[in-house]
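Reproduced below: upload-v3.cif, with mmCIF, C-alpha atoms.
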```cif
data_target
loop_
_atom_site.label_atom_id
_atom_site.label_comp_id
_atom_site.auth_asym_id
_atom_site.auth_seq_id
_atom_site.Cartn_x
_atom_site.Cartn_y
_atom_site.Cartn_z
CA MET L 1 160.97 125.01 -78.77
CA GLU L 2 164.16 125.02 -76.74
CA LYS L 3 164.85 127.83 -74.31
CA GLU L 4 167.55 130.15 -75.68
CA VAL L 5 170.47 131.20 -73.53
CA SER L 6 171.98 133.22 -76.36
CA LYS L 7 171.68 133.47 -80.12
CA TYR L 8 173.63 130.22 -80.64
CA VAL L 9 173.30 128.37 -77.32
CA THR L 10 170.25 126.62 -75.88
CA TYR L 11 169.52 125.74 -72.27
CA ASP L 12 169.66 122.05 -73.18
CA GLU L 13 173.25 122.53 -74.36
CA VAL L 14 174.10 124.27 -71.08
CA ILE L 15 172.92 121.39 -68.89
CA HIS L 16 173.73 118.45 -71.17
CA SER L 17 176.01 115.79 -69.73
CA ASN L 18 176.02 112.14 -70.75
CA THR L 19 177.54 111.33 -67.35
CA ALA L 20 174.78 113.18 -65.48
CA ILE L 21 172.11 111.43 -67.55
CA ALA L 22 173.66 107.96 -67.07
CA ASN L 23 174.03 108.49 -63.32
CA LYS L 24 170.74 110.38 -62.78
CA LEU L 25 172.55 113.42 -61.40
CA LYS L 26 170.86 116.81 -61.18
CA ASN L 27 172.67 119.26 -63.45
CA GLU L 28 170.76 122.54 -63.48
CA PRO L 29 172.21 125.97 -62.69
CA THR L 30 170.63 128.47 -60.33
CA GLU L 31 169.29 131.69 -61.85
CA GLN L 32 172.47 133.52 -60.73
CA GLN L 33 174.65 130.87 -62.36
CA LEU L 34 172.54 130.98 -65.51
CA GLU L 35 173.07 134.75 -65.73
CA LEU L 36 176.86 134.23 -65.68
CA ILE L 37 176.53 131.52 -68.33
CA LYS L 38 174.39 133.83 -70.49
CA ALA L 39 177.00 136.59 -70.19
CA LEU L 40 179.73 134.20 -71.37
CA CYS L 41 177.60 132.88 -74.24
CA VAL L 42 176.54 136.34 -75.45
CA ASN L 43 179.88 138.11 -74.99
CA VAL L 44 182.28 135.35 -76.04
CA PHE L 45 180.71 132.28 -77.66
CA ASP L 46 178.22 134.09 -79.90
CA LYS L 47 180.92 136.48 -81.09
CA LEU L 48 183.27 133.58 -81.81
CA ARG L 49 180.47 131.79 -83.67
CA GLU L 50 179.81 134.91 -85.78
CA HIS L 51 183.53 135.35 -86.49
CA SER L 52 184.00 131.71 -87.51
CA GLY L 53 180.93 131.79 -89.73
CA ALA L 54 180.05 128.19 -88.88
CA ALA L 55 178.76 125.92 -86.14
CA ILE L 56 181.02 125.16 -83.18
CA LYS L 57 180.54 121.92 -81.24
CA ILE L 58 180.05 122.46 -77.50
CA ASN L 59 181.28 119.63 -75.27
CA SER L 60 180.43 121.05 -71.86
CA ILE L 61 179.17 124.22 -70.21
CA PHE L 62 177.60 123.74 -66.77
CA ARG L 63 178.61 121.19 -64.15
CA GLY L 64 176.52 121.01 -60.99
CA PRO L 65 178.14 119.97 -57.70
CA GLN L 66 177.03 116.32 -57.93
CA LEU L 67 178.31 115.96 -61.48
CA ASN L 68 181.59 117.74 -60.76
CA LYS L 69 182.24 115.51 -57.75
CA HIS L 70 181.28 112.38 -59.71
CA ILE L 71 183.79 113.08 -62.48
CA GLY L 72 186.52 114.19 -60.07
CA GLY L 73 186.43 117.79 -61.34
CA SER L 74 188.37 120.60 -59.71
CA LYS L 75 186.67 122.29 -56.76
CA THR L 76 187.47 125.62 -58.43
CA SER L 77 186.27 124.63 -61.92
CA GLN L 78 184.55 127.47 -63.71
CA HIS L 79 182.16 124.87 -65.13
CA CYS L 80 180.59 124.99 -61.64
CA VAL L 81 179.95 128.72 -62.19
CA GLY L 82 179.96 131.47 -59.63
CA LEU L 83 182.69 130.33 -57.28
CA ASP L 84 184.66 132.61 -54.98
CA PRO L 85 185.89 135.72 -56.85
CA LYS L 86 188.83 135.93 -54.40
CA LEU L 87 190.07 132.70 -55.97
CA ASN L 88 189.79 134.20 -59.47
CA SER L 89 187.28 131.52 -60.32
CA TYR L 90 184.14 133.57 -60.67
CA GLY L 91 182.41 133.09 -63.98
CA ALA L 92 181.54 130.33 -66.37
CA ALA L 93 183.31 128.06 -68.86
CA ILE L 94 182.59 126.45 -72.21
CA ASP L 95 184.55 123.51 -73.57
CA ILE L 96 184.46 123.49 -77.34
CA ASP L 97 185.54 120.80 -79.76
CA ASP L 98 187.18 121.18 -83.15
CA GLU L 99 185.26 118.21 -84.56
CA TYR L 100 183.45 120.55 -86.95
CA TRP L 101 186.83 121.86 -88.15
CA LYS L 102 187.98 118.25 -88.72
CA ARG L 103 184.86 117.63 -90.81
CA GLY L 104 185.39 120.83 -92.79
CA VAL L 105 182.32 122.59 -91.38
CA ASN L 106 184.28 125.28 -89.52
CA LYS L 107 187.44 126.97 -90.79
CA MET L 108 188.91 127.38 -87.28
CA ASN L 109 190.41 124.69 -85.04
CA ASN L 110 190.50 124.89 -81.22
CA THR L 111 193.89 126.59 -81.12
CA GLU L 112 192.79 129.28 -83.56
CA MET L 113 189.54 129.80 -81.67
CA GLY L 114 191.47 130.10 -78.41
CA TYR L 115 193.80 132.74 -79.87
CA TRP L 116 190.86 134.66 -81.31
CA ILE L 117 189.13 134.70 -77.90
CA LYS L 118 192.34 135.79 -76.19
CA ASP L 119 192.87 138.61 -78.69
#
```
Can you give me the file's structure in the form of structure tokens?
Amino acid sequence: MEKEVSKYVTYDEVIHSNTAIANKLKNEPTEQQLELIKALCVNVFDKLREHSGAAIKINSIFRGPQLNKHIGGSKTSQHCVGLDPKLNSYGAAIDIDDEYWKRGVNKMNNTEMGYWIKD
């Protein structure tokens, strides 16, 4: 059984990265980072999932330092979780994909999901 981060997100989804796997890069958050990820998943993603009434494809959640450097990611990326709050980059991020909308599984596309989160 997979470890749950929230009702709709598993730990395996949090750490999954094809790039990290292919390049044997460590991609695991600290406990503090995982707490921020859990807060995002519970307070935003799970609520969006409930509102949409269907599965939402997750592309990326956590990016460890090795992975972020390898892909040329921003040094202030919220995918790295828990950066300097003075830089307004403290928190976590989830990249979602509207593939399930394209296949007719979900009624909301990325733009609609983004507006719903913002509202």
**Report entry** Given the PyMOL selection byres ((chain L and resi 10-16) around 8), the residues it picks as a ChimeraX atom specification
**Finding:** /L:2-6,8-9,17-18,20,27-29,58,60-63
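Here atom CA of L:Leu25 stands at a distance of 10.0 Å from atom CA of L:Asn68.
Look at L:Leu40: the protein and nucleic acid residues within 10 Å of it, using all atoms listed in the file and passing over chain neighbours fewer than 3 places away, are L:Val5, L:Ser6, L:Leu34, L:Glu35, L:Leu36, L:Ile37, L:Asn43, L:Val44, L:Phe45, L:Asp46, L:Gly91, L:Ala92, L:Ala93, L:Ile94.
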Kindly export the residues of the current selection with C-alpha atoms, as a PDB file, keeping the file's coordinate frame.
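Final output, out.pdb:
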```
ATOM      1  CA  VAL L   5     170.470 131.200 -73.530  1.00  0.00           C
ATOM      2  CA  SER L   6     171.980 133.220 -76.360  1.00  0.00           C
ATOM      3  CA  LEU L  34     172.540 130.980 -65.510  1.00  0.00           C
ATOM      4  CA  GLU L  35     173.070 134.750 -65.730  1.00  0.00           C
ATOM      5  CA  LEU L  36     176.860 134.230 -65.680  1.00  0.00           C
ATOM      6  CA  ILE L  37     176.530 131.520 -68.330  1.00  0.00           C
ATOM      7  CA  ASN L  43     179.880 138.110 -74.990  1.00  0.00           C
ATOM      8  CA  VAL L  44     182.280 135.350 -76.040  1.00  0.00           C
ATOM      9  CA  PHE L  45     180.710 132.280 -77.660  1.00  0.00           C
ATOM     10  CA  ASP L  46     178.220 134.090 -79.900  1.00  0.00           C
ATOM     11  CA  GLY L  91     182.410 133.090 -63.980  1.00  0.00           C
ATOM     12  CA  ALA L  92     181.540 130.330 -66.370  1.00  0.00           C
ATOM     13  CA  ALA L  93     183.310 128.060 -68.860  1.00  0.00           C
ATOM     14  CA  ILE L  94     182.590 126.450 -72.210  1.00  0.00           C
TER      15      ILE L  94
END
```
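Restricting the calculation to all atoms listed in the file, the smallest distance between L:Thr30 and any of L:Ile96, L:Gly64, L:Glu112, L:Ala54 is found for L:Gly64.
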Leaving out L:Asp97 and any residue of its chain fewer than 2 positions from it, which residues lie within 9 Å of it when counting only C-alpha atoms, given as a PDB file with C-alpha atoms, in the coordinates of the input?
```pdb
ATOM      1  CA  ILE L  56     181.020 125.160 -83.180  1.00  0.00           C
ATOM      2  CA  LYS L  57     180.540 121.920 -81.240  1.00  0.00           C
ATOM      3  CA  ILE L  58     180.050 122.460 -77.500  1.00  0.00           C
ATOM      4  CA  ASN L  59     181.280 119.630 -75.270  1.00  0.00           C
ATOM      5  CA  ASP L  95     184.550 123.510 -73.570  1.00  0.00           C
ATOM      6  CA  GLU L  99     185.260 118.210 -84.560  1.00  0.00           C
ATOM      7  CA  TYR L 100     183.450 120.550 -86.950  1.00  0.00           C
ATOM      8  CA  TRP L 101     186.830 121.860 -88.150  1.00  0.00           C
ATOM      9  CA  ASN L 109     190.410 124.690 -85.040  1.00  0.00           C
ATOM     10  CA  ASN L 110     190.500 124.890 -81.220  1.00  0.00           C
TER      11      ASN L 110
END
```
